[in-house]
$ cat start-v5.txt   # compact mmCIF, C-alpha atoms and all ligand atoms
# COMPACT_ATOMS: atom_id res chain seq x y z
CA MET A 1 -9.61 29.04 -21.11
CA VAL A 2 -13.29 28.79 -21.85
CA GLN A 3 -14.95 32.19 -22.21
CA SER A 4 -17.92 32.67 -19.92
CA THR A 5 -20.73 35.17 -20.29
CA GLY A 6 -21.19 34.97 -16.52
CA GLN A 7 -24.75 33.84 -17.13
CA GLN A 8 -25.95 30.25 -16.83
CA PRO A 9 -28.75 29.17 -19.22
CA SER A 10 -31.12 28.91 -16.26
CA GLU A 11 -30.33 32.48 -15.25
CA ARG A 12 -31.05 33.62 -18.78
CA SER A 13 -34.46 31.93 -18.81
CA GLN A 14 -35.25 33.36 -15.37
CA ASP A 15 -34.44 36.74 -16.80
CA TYR A 16 -37.14 36.12 -19.48
CA ALA A 17 -34.78 37.40 -22.19
CA ILE A 18 -36.42 35.31 -24.90
CA PRO A 19 -40.07 36.28 -24.19
CA ARG A 20 -38.89 39.91 -23.96
CA GLU A 21 -37.24 39.67 -27.40
CA ARG A 22 -40.48 38.16 -28.78
CA MET A 23 -42.52 40.96 -27.24
CA VAL A 24 -40.31 43.58 -28.93
CA ALA A 25 -40.46 41.75 -32.29
CA ARG A 26 -44.30 41.80 -32.02
CA LEU A 27 -44.28 45.54 -31.23
CA ARG A 28 -42.16 46.20 -34.31
CA GLU A 29 -43.68 43.77 -36.79
CA HIS A 30 -47.34 43.46 -35.77
CA TYR A 31 -47.98 46.83 -34.12
CA GLY A 32 -45.70 48.97 -36.30
CA ILE A 33 -43.75 50.66 -33.48
CA ARG A 34 -40.87 52.42 -35.29
CA ASP A 35 -39.01 54.53 -32.68
CA SER A 36 -35.81 52.57 -32.07
CA ALA A 37 -35.20 54.21 -28.67
CA VAL A 38 -38.64 52.97 -27.52
CA LEU A 39 -37.97 49.43 -28.80
CA GLU A 40 -34.53 49.39 -27.11
CA ALA A 41 -36.06 50.58 -23.82
CA MET A 42 -38.69 47.83 -23.93
CA LEU A 43 -35.93 45.28 -24.57
CA ALA A 44 -33.89 46.63 -21.65
CA VAL A 45 -36.57 46.92 -18.91
CA PRO A 46 -37.46 43.58 -17.23
CA ARG A 47 -41.28 43.80 -17.30
CA HIS A 48 -41.62 40.69 -15.08
CA ALA A 49 -40.04 42.66 -12.20
CA PHE A 50 -43.13 44.94 -12.20
CA VAL A 51 -45.89 42.31 -11.87
CA PRO A 52 -46.92 40.12 -8.91
CA GLU A 53 -44.71 37.02 -8.60
CA ALA A 54 -47.52 34.61 -9.50
CA LEU A 55 -48.03 36.40 -12.85
CA GLN A 56 -44.36 36.75 -13.85
CA SER A 57 -44.52 34.05 -16.53
CA ARG A 58 -47.33 36.05 -18.24
CA ALA A 59 -45.53 39.40 -18.03
CA TYR A 60 -44.54 39.43 -21.72
CA GLY A 61 -47.96 38.48 -23.13
CA ASP A 62 -49.96 40.82 -25.34
CA HIS A 63 -52.26 42.07 -22.56
CA ALA A 64 -52.59 44.22 -19.44
CA LEU A 65 -52.20 42.43 -16.07
CA PRO A 66 -53.52 43.15 -12.58
CA ILE A 67 -51.13 44.70 -10.05
CA SER A 68 -52.12 45.54 -6.46
CA ALA A 69 -54.90 47.94 -5.31
CA ASN A 70 -57.23 46.93 -8.21
CA GLN A 71 -54.98 48.67 -10.75
CA THR A 72 -53.35 47.33 -13.91
CA ILE A 73 -49.99 47.39 -15.69
CA SER A 74 -50.79 48.52 -19.24
CA GLN A 75 -50.49 46.23 -22.27
CA PRO A 76 -46.94 46.42 -23.77
CA TYR A 77 -48.31 47.87 -27.02
CA ILE A 78 -50.02 50.75 -25.18
CA VAL A 79 -46.80 51.55 -23.26
CA ALA A 80 -44.80 51.55 -26.52
CA ARG A 81 -47.39 53.54 -28.50
CA MET A 82 -47.84 56.24 -25.84
CA THR A 83 -44.06 56.59 -25.42
CA GLU A 84 -43.62 56.88 -29.19
CA LEU A 85 -46.41 59.50 -29.44
CA LEU A 86 -44.57 61.67 -26.86
CA ARG A 87 -41.65 62.15 -29.33
CA ILE A 88 -39.01 62.38 -26.58
CA ASP A 89 -35.25 61.95 -26.36
CA LYS A 90 -32.44 62.27 -23.80
CA GLU A 91 -32.96 66.05 -23.68
CA SER A 92 -36.61 65.70 -22.60
CA ARG A 93 -38.14 66.40 -19.21
CA VAL A 94 -41.25 64.25 -18.82
CA LEU A 95 -44.17 64.14 -16.38
CA GLU A 96 -46.06 60.87 -15.94
CA VAL A 97 -49.45 60.66 -14.19
CA GLY A 98 -50.44 57.20 -12.89
CA ALA A 99 -47.10 55.44 -12.28
CA GLY A 100 -48.84 52.24 -11.05
CA SER A 101 -46.23 49.47 -11.07
CA GLY A 102 -43.53 51.85 -12.33
CA TYR A 103 -43.03 49.92 -15.59
CA GLN A 104 -43.99 52.81 -17.87
CA THR A 105 -41.85 55.09 -15.67
CA ALA A 106 -38.81 52.85 -16.22
CA VAL A 107 -39.39 52.77 -20.00
CA LEU A 108 -39.71 56.57 -20.07
CA ALA A 109 -36.52 56.93 -18.00
CA LYS A 110 -34.56 54.91 -20.60
CA VAL A 111 -35.74 57.20 -23.43
CA ALA A 112 -35.96 60.62 -21.70
CA GLY A 113 -33.53 62.79 -19.74
CA GLN A 114 -35.59 63.19 -16.56
CA VAL A 115 -38.91 61.67 -15.49
CA TYR A 116 -41.22 62.94 -12.74
CA ALA A 117 -43.95 60.41 -12.00
CA MET A 118 -47.06 60.76 -9.86
CA GLU A 119 -49.24 58.03 -8.34
CA ARG A 120 -52.24 58.66 -6.06
CA ILE A 121 -52.00 55.31 -4.17
CA GLY A 122 -49.19 55.52 -1.60
CA ASP A 123 -48.23 51.82 -1.56
CA LEU A 124 -47.98 51.71 -5.36
CA ALA A 125 -45.89 54.91 -5.45
CA ARG A 126 -43.42 53.51 -2.87
CA GLU A 127 -43.15 50.12 -4.56
CA ALA A 128 -42.68 51.72 -7.99
CA GLN A 129 -39.85 53.92 -6.69
CA THR A 130 -38.15 50.93 -5.00
CA ARG A 131 -38.30 48.78 -8.16
CA ILE A 132 -36.92 51.57 -10.34
CA ARG A 133 -33.97 52.20 -8.01
CA ALA A 134 -33.29 48.45 -7.73
CA LEU A 135 -32.84 48.42 -11.51
CA GLY A 136 -30.24 51.19 -11.27
CA ILE A 137 -32.47 53.86 -12.80
CA TYR A 138 -31.72 57.23 -11.15
CA ASN A 139 -33.37 59.72 -13.51
CA ALA A 140 -36.95 59.00 -12.37
CA THR A 141 -38.71 60.13 -9.19
CA VAL A 142 -42.14 58.89 -8.06
CA LYS A 143 -44.28 61.02 -5.76
CA CYS A 144 -47.64 60.20 -4.17
CA PHE A 145 -50.07 62.96 -5.15
CA ASP A 146 -53.08 63.78 -7.37
CA GLY A 147 -51.44 63.98 -10.79
CA THR A 148 -54.37 65.86 -12.37
CA LEU A 149 -52.89 68.92 -10.64
CA GLY A 150 -49.50 68.26 -12.27
CA TRP A 151 -46.14 68.86 -10.54
CA ALA A 152 -45.55 72.58 -10.89
CA ALA A 153 -42.12 72.64 -9.18
CA ASN A 154 -40.47 70.87 -12.15
CA ALA A 155 -42.52 72.47 -14.94
CA PRO A 156 -42.47 73.22 -17.82
CA TYR A 157 -42.35 69.76 -19.38
CA ASP A 158 -41.49 68.70 -22.93
CA ALA A 159 -44.00 65.88 -22.68
CA ILE A 160 -46.69 64.55 -20.31
CA LEU A 161 -48.16 61.02 -20.29
CA VAL A 162 -51.34 60.14 -18.40
CA ALA A 163 -51.89 56.39 -17.85
CA ALA A 164 -55.47 56.58 -16.52
CA GLY A 165 -58.67 57.67 -18.28
CA GLY A 166 -60.39 60.96 -17.40
CA PRO A 167 -63.47 62.83 -18.68
CA ASN A 168 -61.49 65.69 -20.24
CA ILE A 169 -58.05 67.31 -20.55
CA PRO A 170 -56.79 68.42 -17.09
CA GLU A 171 -56.09 72.14 -17.44
CA PRO A 172 -53.02 72.22 -15.10
CA LEU A 173 -51.27 69.68 -17.34
CA VAL A 174 -51.69 71.92 -20.40
CA ALA A 175 -50.44 74.88 -18.33
CA GLN A 176 -47.31 72.93 -17.28
CA LEU A 177 -46.42 71.93 -20.85
CA LYS A 178 -43.84 73.89 -22.90
CA ILE A 179 -44.95 75.52 -26.13
CA GLY A 180 -44.26 72.77 -28.67
CA GLY A 181 -44.81 70.12 -25.98
CA ARG A 182 -46.98 66.98 -26.24
CA LEU A 183 -49.58 65.58 -23.81
CA VAL A 184 -50.71 61.99 -24.45
CA LEU A 185 -53.74 60.77 -22.51
CA PRO A 186 -56.90 58.65 -22.69
CA ILE A 187 -60.13 60.70 -22.66
CA GLY A 188 -63.61 59.19 -22.37
CA ALA A 189 -67.21 60.12 -21.57
CA THR A 190 -67.46 57.07 -19.29
CA ARG A 191 -65.07 55.65 -16.70
CA ASP A 192 -64.18 52.51 -18.61
CA SER A 193 -63.59 53.35 -22.26
CA GLN A 194 -61.59 56.12 -23.87
CA THR A 195 -59.93 57.48 -26.99
CA LEU A 196 -56.16 57.87 -26.94
CA VAL A 197 -55.50 61.56 -27.56
CA ARG A 198 -52.38 63.60 -28.27
CA VAL A 199 -52.57 67.30 -27.43
CA ASN A 200 -49.93 69.51 -29.05
CA LYS A 201 -49.41 72.87 -27.36
CA THR A 202 -48.69 75.69 -29.81
CA GLU A 203 -48.36 79.45 -29.48
CA LYS A 204 -51.96 79.74 -30.65
CA GLY A 205 -53.42 77.19 -28.21
CA ILE A 206 -53.86 73.43 -28.35
CA GLU A 207 -54.37 70.98 -31.23
CA ARG A 208 -56.02 67.64 -30.48
CA GLU A 209 -55.34 64.45 -32.48
CA ASP A 210 -57.21 61.18 -31.86
CA HIS A 211 -55.26 57.91 -31.92
CA GLY A 212 -57.88 55.18 -31.52
CA ALA A 213 -59.95 53.45 -28.85
CA CYS A 214 -58.43 52.24 -25.58
CA ALA A 215 -59.43 51.12 -22.07
CA PHE A 216 -57.64 52.39 -18.97
CA VAL A 217 -58.50 52.40 -15.26
CA PRO A 218 -60.16 55.70 -14.20
CA LEU A 219 -58.18 58.88 -13.56
CA ILE A 220 -59.34 59.91 -10.09
CA GLY A 221 -58.71 63.42 -8.84
CA HIS A 222 -59.52 67.09 -8.89
CA HIS A 223 -59.52 67.25 -12.71
CA GLY A 224 -60.59 63.63 -13.20
CA TRP A 225 -63.40 61.38 -11.95
CA SER A 226 -64.55 61.47 -8.34
CA ALA A 227 -63.57 58.58 -6.06
CA GLN A 228 -67.27 57.50 -6.17
CA PRO A 229 -68.33 56.08 -9.53
CA GLY A 230 -70.72 58.08 -11.67
CA LYS A 231 -69.63 61.69 -11.74
CA PRO A 232 -66.62 63.81 -12.58
CA SER A 233 -65.10 65.56 -9.57
CA GLU A 234 -64.31 68.73 -11.46
CA LYS A 235 -65.57 71.98 -10.09
CA GLU A 236 -65.80 73.84 -13.39
N1 LIG A 301 -48.41 52.79 -16.48
C1 LIG A 301 -48.81 52.05 -15.33
C2 LIG A 301 -50.30 51.83 -15.39
C3 LIG A 301 -50.92 52.01 -14.08
S1 LIG A 301 -52.69 52.02 -14.06
C4 LIG A 301 -48.02 50.75 -15.30
O1 LIG A 301 -47.31 50.50 -16.27
O2 LIG A 301 -48.08 50.01 -14.33
C5 LIG A 301 -53.01 53.74 -13.74
C6 LIG A 301 -52.57 54.24 -12.41
O3 LIG A 301 -53.04 55.59 -12.33
C7 LIG A 301 -53.14 53.52 -11.20
O4 LIG A 301 -52.09 53.03 -10.42
C8 LIG A 301 -53.93 54.61 -10.46
O5 LIG A 301 -53.84 54.52 -9.04
C9 LIG A 301 -53.27 55.87 -10.96
N2 LIG A 301 -54.05 57.10 -10.88
C10 LIG A 301 -55.37 57.30 -11.11
N3 LIG A 301 -55.69 58.58 -10.93
C11 LIG A 301 -54.55 59.24 -10.58
C12 LIG A 301 -54.22 60.60 -10.26
N4 LIG A 301 -55.13 61.58 -10.26
N5 LIG A 301 -52.94 60.90 -9.95
C13 LIG A 301 -51.99 59.94 -9.93
N6 LIG A 301 -52.23 58.64 -10.21
C14 LIG A 301 -53.49 58.30 -10.54
$ encode --input "start-v5.txt" --output "structure tokens" --more "lines below"
Ligand code: SAH
Amino acid sequence: MVQSTGQQPSERSQDYAIPRERMVARLREHYGIRDSAVLEAMLAVPRHAFVPEALQSRAYGDHALPISANQTISQPYIVARMTELLRIDKESRVLEVGAGSGYQTAVLAKVAGQVYAMERIGDLAREAQTRIRALGIYNATVKCFDGTLGWAANAPYDAILVAAGGPNIPEPLVAQLKIGGRLVLPIGATRDSQTLVRVNKTEKGIEREDHGACAFVPLIGHHGWSAQPGKPSEKE
């Protein structure tokens, strides 16, 4: 009897397995991503399932793409780099702020033990949760709320990732991090350009490391920018 993989060639190309393998090779060889759990997660999660249907053939390109509500799904390299900077494993409890399409949430769920994700736009939060469940991922929950306030009920976290750019480090996120925990986020003096920052929480306070320039959509909320362009909404 002829052995079958159960997958026709057309199904395999629809699954974008080859572009996904190329994307992961580029992350490893061109961008120097080394964490094998991160590379395996990016090989496992079907990125095309997180972008609008008309853009699916571009899902594995080396760029961000628009999703709904004027938001973006981050460039694959940024997703991989931020996940690597978190230094997480299956024991880790992770908070994500700015779930957007849910792609980064799914990647985190493959690497971490438990993921709590927050998204301020209700439709995006619902769609992200639906996609993640449809992929059989059960260790990630998406809630619609202002993530700059964190999610105190599940704190403290081993690691926190913020996928939108704010004017400074939201204080509740530092408070909800374990001693020894990592917070990775873009910080910028303007709404549209930032530096990628890792904050390490120690017994003595926080240490800040800069990891290069980046461009994210604005972080909007109590400890972020106001919904109207031009000014931070913080009441400090
Ligand atoms: N990692 C996401 C990127 C989404 S873009 C992905 O892979 O698709 C950033 C998201 O942050 C947007 O969806 C935006 O609505 C959301 N966001 C901005 N400010 C927020 C806040 N204070 N709390 C929660 N989500 C926020």
$ closest_residue --input "start-v5.txt" --among "A:Asp158, A:Glu119, A:Glu207, A:Asp15" --to "Arg93 of chain A" --atoms "all atoms listed in the file"
A:Asp158
$ closest_atom_pairs --input "start-v5.txt" --of "chain A" --to "ligand LIG 301 (chain A)" --cutoff "6 Å" --atoms "only C-alpha atoms and all ligand atoms" --output "CSV"
residue,atom,partner,partner_atom,distance
A:Gln71,CA,A:LIG301,C7,5.2
A:Thr72,CA,A:LIG301,S1,4.7
A:Ile73,CA,A:LIG301,O2,3.5
A:Ser74,CA,A:LIG301,O1,5.0
A:Val97,CA,A:LIG301,C13,5.0
A:Gly98,CA,A:LIG301,O3,3.1
A:Ala99,CA,A:LIG301,C1,4.9
A:Gly100,CA,A:LIG301,O4,3.4
A:Ser101,CA,A:LIG301,O2,3.8
A:Gly102,CA,A:LIG301,O2,5.3
A:Tyr103,CA,A:LIG301,O1,4.4
A:Gln104,CA,A:LIG301,O1,4.3
A:Met118,CA,A:LIG301,C13,5.0
A:Glu119,CA,A:LIG301,N6,3.6
A:Arg120,CA,A:LIG301,C13,4.1
A:Ile121,CA,A:LIG301,O5,5.3
A:Phe145,CA,A:LIG301,N5,6.0
A:Asp146,CA,A:LIG301,N5,3.9
A:Gly147,CA,A:LIG301,N5,3.5
A:Thr148,CA,A:LIG301,N4,4.8
A:Ala163,CA,A:LIG301,C5,5.0
A:Ala164,CA,A:LIG301,C5,4.7
A:Val217,CA,A:LIG301,C5,5.9
A:Pro218,CA,A:LIG301,C10,5.9
A:Leu219,CA,A:LIG301,N3,3.6
A:Ile220,CA,A:LIG301,N3,4.0
A:Gly221,CA,A:LIG301,N4,4.3
$ atom_distance --input "start-v5.txt" --atom1 "atom CA of Val24 of chain A" --atom2 "atom CA of Ala64 of chain A"
15.5 Å
$ residues_around --input "start-v5.txt" --residues "segment 78-84 of chain A" --least-positions-apart "3" --cutoff "8 Å" --atoms "all atoms listed in the file" --output "ChimeraX atom specification"
/A:27,33,35,38-39,42,74-75,87-88,104,108,161,184
$ closest_residue --input "start-v5.txt" --among "A:Ala59, A:Val199, A:Met23, A:Ala17" --to "Ile169 of chain A" --atoms "all atoms listed in the file"
A:Val199
$ closest_residue --input "start-v5.txt" --among "A:Cys214, A:Ile206, A:Ala155, A:Tyr77" --to "Glu29 of chain A" --atoms "all atoms listed in the file"
A:Tyr77
$ residues_around --input "start-v5.txt" --residues "Ile160 of chain A" --least-positions-apart "2" --cutoff "6 Å" --atoms "all atoms listed in the file" --output "JSON, numbers by chain"
{"A": [94, 95, 96, 183]}
$ closest_residue --input "start-v5.txt" --among "A:Leu85, A:Ala125, A:Val142, A:Leu55" --to "Glu209 of chain A" --atoms "only C-alpha atoms"
A:Leu85
$ residues_around --input "start-v5.txt" --residues "Ala109 of chain A" --least-positions-apart "5" --cutoff "10 Å" --atoms "only C-alpha atoms" --output "count of residues only"
17
$ closest_residue --input "start-v5.txt" --among "A:Pro46, A:Gly212, A:Gly122, A:Pro19" --to "Ala69 of chain A" --atoms "only C-alpha atoms"
A:Gly122
$ residues_around --input "start-v5.txt" --residues "Leu196 of chain A" --least-positions-apart "5" --cutoff "7 Å" --atoms "all atoms listed in the file" --output "list in words"
Leu185, Pro186, Ile187, Asp210, His211, Gly212, Ala213 and Cys214 of chain A
$ residues_around --input "start-v5.txt" --residues "Pro156 of chain A" --least-positions-apart "4" --cutoff "12 Å" --atoms "all atoms listed in the file" --output "number ranges by chain"
A: 92-95, 116, 150-152, 160, 172-182, 201
$ atom_distance --input "start-v5.txt" --atom1 "atom CA of Arg191 of chain A" --atom2 "atom CA of Asp123 of chain A"
23.0 Å
$ atom_distance --input "start-v5.txt" --atom1 "atom CA of Val107 of chain A" --atom2 "atom CA of Leu135 of chain A"
11.6 Å
$ closest_residue --input "start-v5.txt" --among "A:Pro76, A:Gly205, A:Pro66, A:Gly188" --to "Gly165 of chain A" --atoms "only C-alpha atoms"
A:Gly188
$ axis_aligned_box --input "start-v5.txt" --around "segment 62-66 of chain A" --padding-each-side "8 Å" --output "lines of an AutoDock Vina configuration file"
center_x = -51.7
center_y = 42.5
center_z = -19.0
size_x = 19.6
size_y = 19.4
size_z = 28.8
$ decode --input "start-v5.txt" --residues "segment 86-126 of chain A" --atoms "N, CA and C atoms" --output "PDB file, in the first residue's frame"
ATOM      1  N   LEU A  86      12.496  38.258  25.991  1.00  0.00           N
ATOM      2  CA  LEU A  86      11.740  37.961  27.223  1.00  0.00           C
ATOM      3  C   LEU A  86      12.388  36.842  28.037  1.00  0.00           C
ATOM      4  N   ARG A  87      13.206  35.991  27.379  1.00  0.00           N
ATOM      5  CA  ARG A  87      13.848  34.832  28.021  1.00  0.00           C
ATOM      6  C   ARG A  87      12.831  34.005  28.812  1.00  0.00           C
ATOM      7  N   ILE A  88      11.888  33.406  28.071  1.00  0.00           N
ATOM      8  CA  ILE A  88      10.809  32.634  28.710  1.00  0.00           C
ATOM      9  C   ILE A  88      10.884  31.168  28.323  1.00  0.00           C
ATOM     10  N   ASP A  89      10.219  30.334  29.141  1.00  0.00           N
ATOM     11  CA  ASP A  89      10.098  28.912  28.817  1.00  0.00           C
ATOM     12  C   ASP A  89       8.746  28.416  29.320  1.00  0.00           C
ATOM     13  N   LYS A  90       8.541  27.095  29.284  1.00  0.00           N
ATOM     14  CA  LYS A  90       7.222  26.520  29.609  1.00  0.00           C
ATOM     15  C   LYS A  90       6.788  26.750  31.063  1.00  0.00           C
ATOM     16  N   GLU A  91       7.708  27.238  31.886  1.00  0.00           N
ATOM     17  CA  GLU A  91       7.362  27.557  33.281  1.00  0.00           C
ATOM     18  C   GLU A  91       6.848  28.999  33.410  1.00  0.00           C
ATOM     19  N   SER A  92       6.954  29.788  32.342  1.00  0.00           N
ATOM     20  CA  SER A  92       6.733  31.235  32.468  1.00  0.00           C
ATOM     21  C   SER A  92       5.269  31.634  32.338  1.00  0.00           C
ATOM     22  N   ARG A  93       4.910  32.631  33.137  1.00  0.00           N
ATOM     23  CA  ARG A  93       3.605  33.279  33.061  1.00  0.00           C
ATOM     24  C   ARG A  93       3.850  34.654  32.434  1.00  0.00           C
ATOM     25  N   VAL A  94       3.174  34.914  31.317  1.00  0.00           N
ATOM     26  CA  VAL A  94       3.494  36.097  30.513  1.00  0.00           C
ATOM     27  C   VAL A  94       2.265  36.974  30.322  1.00  0.00           C
ATOM     28  N   LEU A  95       2.468  38.292  30.411  1.00  0.00           N
ATOM     29  CA  LEU A  95       1.427  39.264  30.079  1.00  0.00           C
ATOM     30  C   LEU A  95       1.805  39.931  28.763  1.00  0.00           C
ATOM     31  N   GLU A  96       0.841  40.040  27.852  1.00  0.00           N
ATOM     32  CA  GLU A  96       1.061  40.746  26.592  1.00  0.00           C
ATOM     33  C   GLU A  96       0.087  41.920  26.507  1.00  0.00           C
ATOM     34  N   VAL A  97       0.592  43.090  26.143  1.00  0.00           N
ATOM     35  CA  VAL A  97      -0.257  44.271  25.970  1.00  0.00           C
ATOM     36  C   VAL A  97      -0.277  44.621  24.482  1.00  0.00           C
ATOM     37  N   GLY A  98      -1.480  44.652  23.878  1.00  0.00           N
ATOM     38  CA  GLY A  98      -1.599  44.951  22.450  1.00  0.00           C
ATOM     39  C   GLY A  98      -1.631  43.682  21.622  1.00  0.00           C
ATOM     40  N   ALA A  99      -2.645  42.827  21.876  1.00  0.00           N
ATOM     41  CA  ALA A  99      -2.712  41.515  21.198  1.00  0.00           C
ATOM     42  C   ALA A  99      -2.954  41.664  19.697  1.00  0.00           C
ATOM     43  N   GLY A 100      -3.636  42.724  19.265  1.00  0.00           N
ATOM     44  CA  GLY A 100      -3.878  42.952  17.832  1.00  0.00           C
ATOM     45  C   GLY A 100      -4.502  41.741  17.175  1.00  0.00           C
ATOM     46  N   SER A 101      -3.816  41.184  16.175  1.00  0.00           N
ATOM     47  CA  SER A 101      -4.331  40.013  15.450  1.00  0.00           C
ATOM     48  C   SER A 101      -4.302  38.741  16.295  1.00  0.00           C
ATOM     49  N   GLY A 102      -3.470  38.734  17.337  1.00  0.00           N
ATOM     50  CA  GLY A 102      -3.298  37.520  18.145  1.00  0.00           C
ATOM     51  C   GLY A 102      -2.100  36.694  17.713  1.00  0.00           C
ATOM     52  N   TYR A 103      -1.370  37.137  16.675  1.00  0.00           N
ATOM     53  CA  TYR A 103      -0.225  36.341  16.191  1.00  0.00           C
ATOM     54  C   TYR A 103       0.876  36.237  17.250  1.00  0.00           C
ATOM     55  N   GLN A 104       1.258  37.397  17.802  1.00  0.00           N
ATOM     56  CA  GLN A 104       2.302  37.376  18.841  1.00  0.00           C
ATOM     57  C   GLN A 104       1.829  36.557  20.053  1.00  0.00           C
ATOM     58  N   THR A 105       0.543  36.645  20.360  1.00  0.00           N
ATOM     59  CA  THR A 105      -0.032  35.872  21.474  1.00  0.00           C
ATOM     60  C   THR A 105       0.169  34.375  21.227  1.00  0.00           C
ATOM     61  N   ALA A 106      -0.108  33.936  19.998  1.00  0.00           N
ATOM     62  CA  ALA A 106       0.025  32.507  19.657  1.00  0.00           C
ATOM     63  C   ALA A 106       1.484  32.061  19.752  1.00  0.00           C
ATOM     64  N   VAL A 107       2.412  32.913  19.292  1.00  0.00           N
ATOM     65  CA  VAL A 107       3.840  32.574  19.372  1.00  0.00           C
ATOM     66  C   VAL A 107       4.252  32.469  20.842  1.00  0.00           C
ATOM     67  N   LEU A 108       3.825  33.428  21.651  1.00  0.00           N
ATOM     68  CA  LEU A 108       4.142  33.393  23.087  1.00  0.00           C
ATOM     69  C   LEU A 108       3.587  32.123  23.732  1.00  0.00           C
ATOM     70  N   ALA A 109       2.355  31.742  23.341  1.00  0.00           N
ATOM     71  CA  ALA A 109       1.710  30.572  23.952  1.00  0.00           C
ATOM     72  C   ALA A 109       2.475  29.285  23.652  1.00  0.00           C
ATOM     73  N   LYS A 110       3.139  29.230  22.488  1.00  0.00           N
ATOM     74  CA  LYS A 110       3.941  28.037  22.143  1.00  0.00           C
ATOM     75  C   LYS A 110       5.205  27.952  23.012  1.00  0.00           C
ATOM     76  N   VAL A 111       5.727  29.128  23.419  1.00  0.00           N
ATOM     77  CA  VAL A 111       7.006  29.134  24.150  1.00  0.00           C
ATOM     78  C   VAL A 111       6.783  29.130  25.668  1.00  0.00           C
ATOM     79  N   ALA A 112       5.732  29.828  26.124  1.00  0.00           N
ATOM     80  CA  ALA A 112       5.498  30.037  27.562  1.00  0.00           C
ATOM     81  C   ALA A 112       4.520  29.010  28.132  1.00  0.00           C
ATOM     82  N   GLY A 113       4.337  29.067  29.454  1.00  0.00           N
ATOM     83  CA  GLY A 113       3.365  28.195  30.111  1.00  0.00           C
ATOM     84  C   GLY A 113       1.956  28.754  29.987  1.00  0.00           C
ATOM     85  N   GLN A 114       1.806  30.047  30.335  1.00  0.00           N
ATOM     86  CA  GLN A 114       0.489  30.684  30.330  1.00  0.00           C
ATOM     87  C   GLN A 114       0.631  32.113  29.834  1.00  0.00           C
ATOM     88  N   VAL A 115      -0.283  32.531  28.958  1.00  0.00           N
ATOM     89  CA  VAL A 115      -0.231  33.888  28.401  1.00  0.00           C
ATOM     90  C   VAL A 115      -1.553  34.606  28.672  1.00  0.00           C
ATOM     91  N   TYR A 116      -1.446  35.801  29.232  1.00  0.00           N
ATOM     92  CA  TYR A 116      -2.603  36.686  29.429  1.00  0.00           C
ATOM     93  C   TYR A 116      -2.386  37.875  28.512  1.00  0.00           C
ATOM     94  N   ALA A 117      -3.312  38.074  27.564  1.00  0.00           N
ATOM     95  CA  ALA A 117      -3.125  39.125  26.563  1.00  0.00           C
ATOM     96  C   ALA A 117      -4.234  40.159  26.685  1.00  0.00           C
ATOM     97  N   MET A 118      -3.872  41.426  26.467  1.00  0.00           N
ATOM     98  CA  MET A 118      -4.848  42.505  26.554  1.00  0.00           C
ATOM     99  C   MET A 118      -4.859  43.292  25.249  1.00  0.00           C
ATOM    100  N   GLU A 119      -6.057  43.705  24.837  1.00  0.00           N
ATOM    101  CA  GLU A 119      -6.215  44.483  23.601  1.00  0.00           C
ATOM    102  C   GLU A 119      -7.341  45.494  23.842  1.00  0.00           C
ATOM    103  N   ARG A 120      -7.083  46.780  23.538  1.00  0.00           N
ATOM    104  CA  ARG A 120      -8.076  47.807  23.877  1.00  0.00           C
ATOM    105  C   ARG A 120      -9.244  47.870  22.895  1.00  0.00           C
ATOM    106  N   ILE A 121      -9.060  47.327  21.659  1.00  0.00           N
ATOM    107  CA  ILE A 121     -10.147  47.373  20.661  1.00  0.00           C
ATOM    108  C   ILE A 121     -10.924  46.055  20.720  1.00  0.00           C
ATOM    109  N   GLY A 122     -12.212  46.159  21.077  1.00  0.00           N
ATOM    110  CA  GLY A 122     -13.035  44.977  21.347  1.00  0.00           C
ATOM    111  C   GLY A 122     -13.083  43.977  20.205  1.00  0.00           C
ATOM    112  N   ASP A 123     -13.283  44.462  18.959  1.00  0.00           N
ATOM    113  CA  ASP A 123     -13.385  43.536  17.820  1.00  0.00           C
ATOM    114  C   ASP A 123     -12.083  42.761  17.636  1.00  0.00           C
ATOM    115  N   LEU A 124     -10.953  43.461  17.784  1.00  0.00           N
ATOM    116  CA  LEU A 124      -9.653  42.781  17.621  1.00  0.00           C
ATOM    117  C   LEU A 124      -9.471  41.732  18.712  1.00  0.00           C
ATOM    118  N   ALA A 125      -9.827  42.082  19.951  1.00  0.00           N
ATOM    119  CA  ALA A 125      -9.666  41.144  21.072  1.00  0.00           C
ATOM    120  C   ALA A 125     -10.480  39.866  20.821  1.00  0.00           C
ATOM    121  N   ARG A 126     -11.728  40.039  20.377  1.00  0.00           N
ATOM    122  CA  ARG A 126     -12.596  38.873  20.123  1.00  0.00           C
ATOM    123  C   ARG A 126     -12.056  38.016  18.985  1.00  0.00           C
TER     124      ARG A 126
END
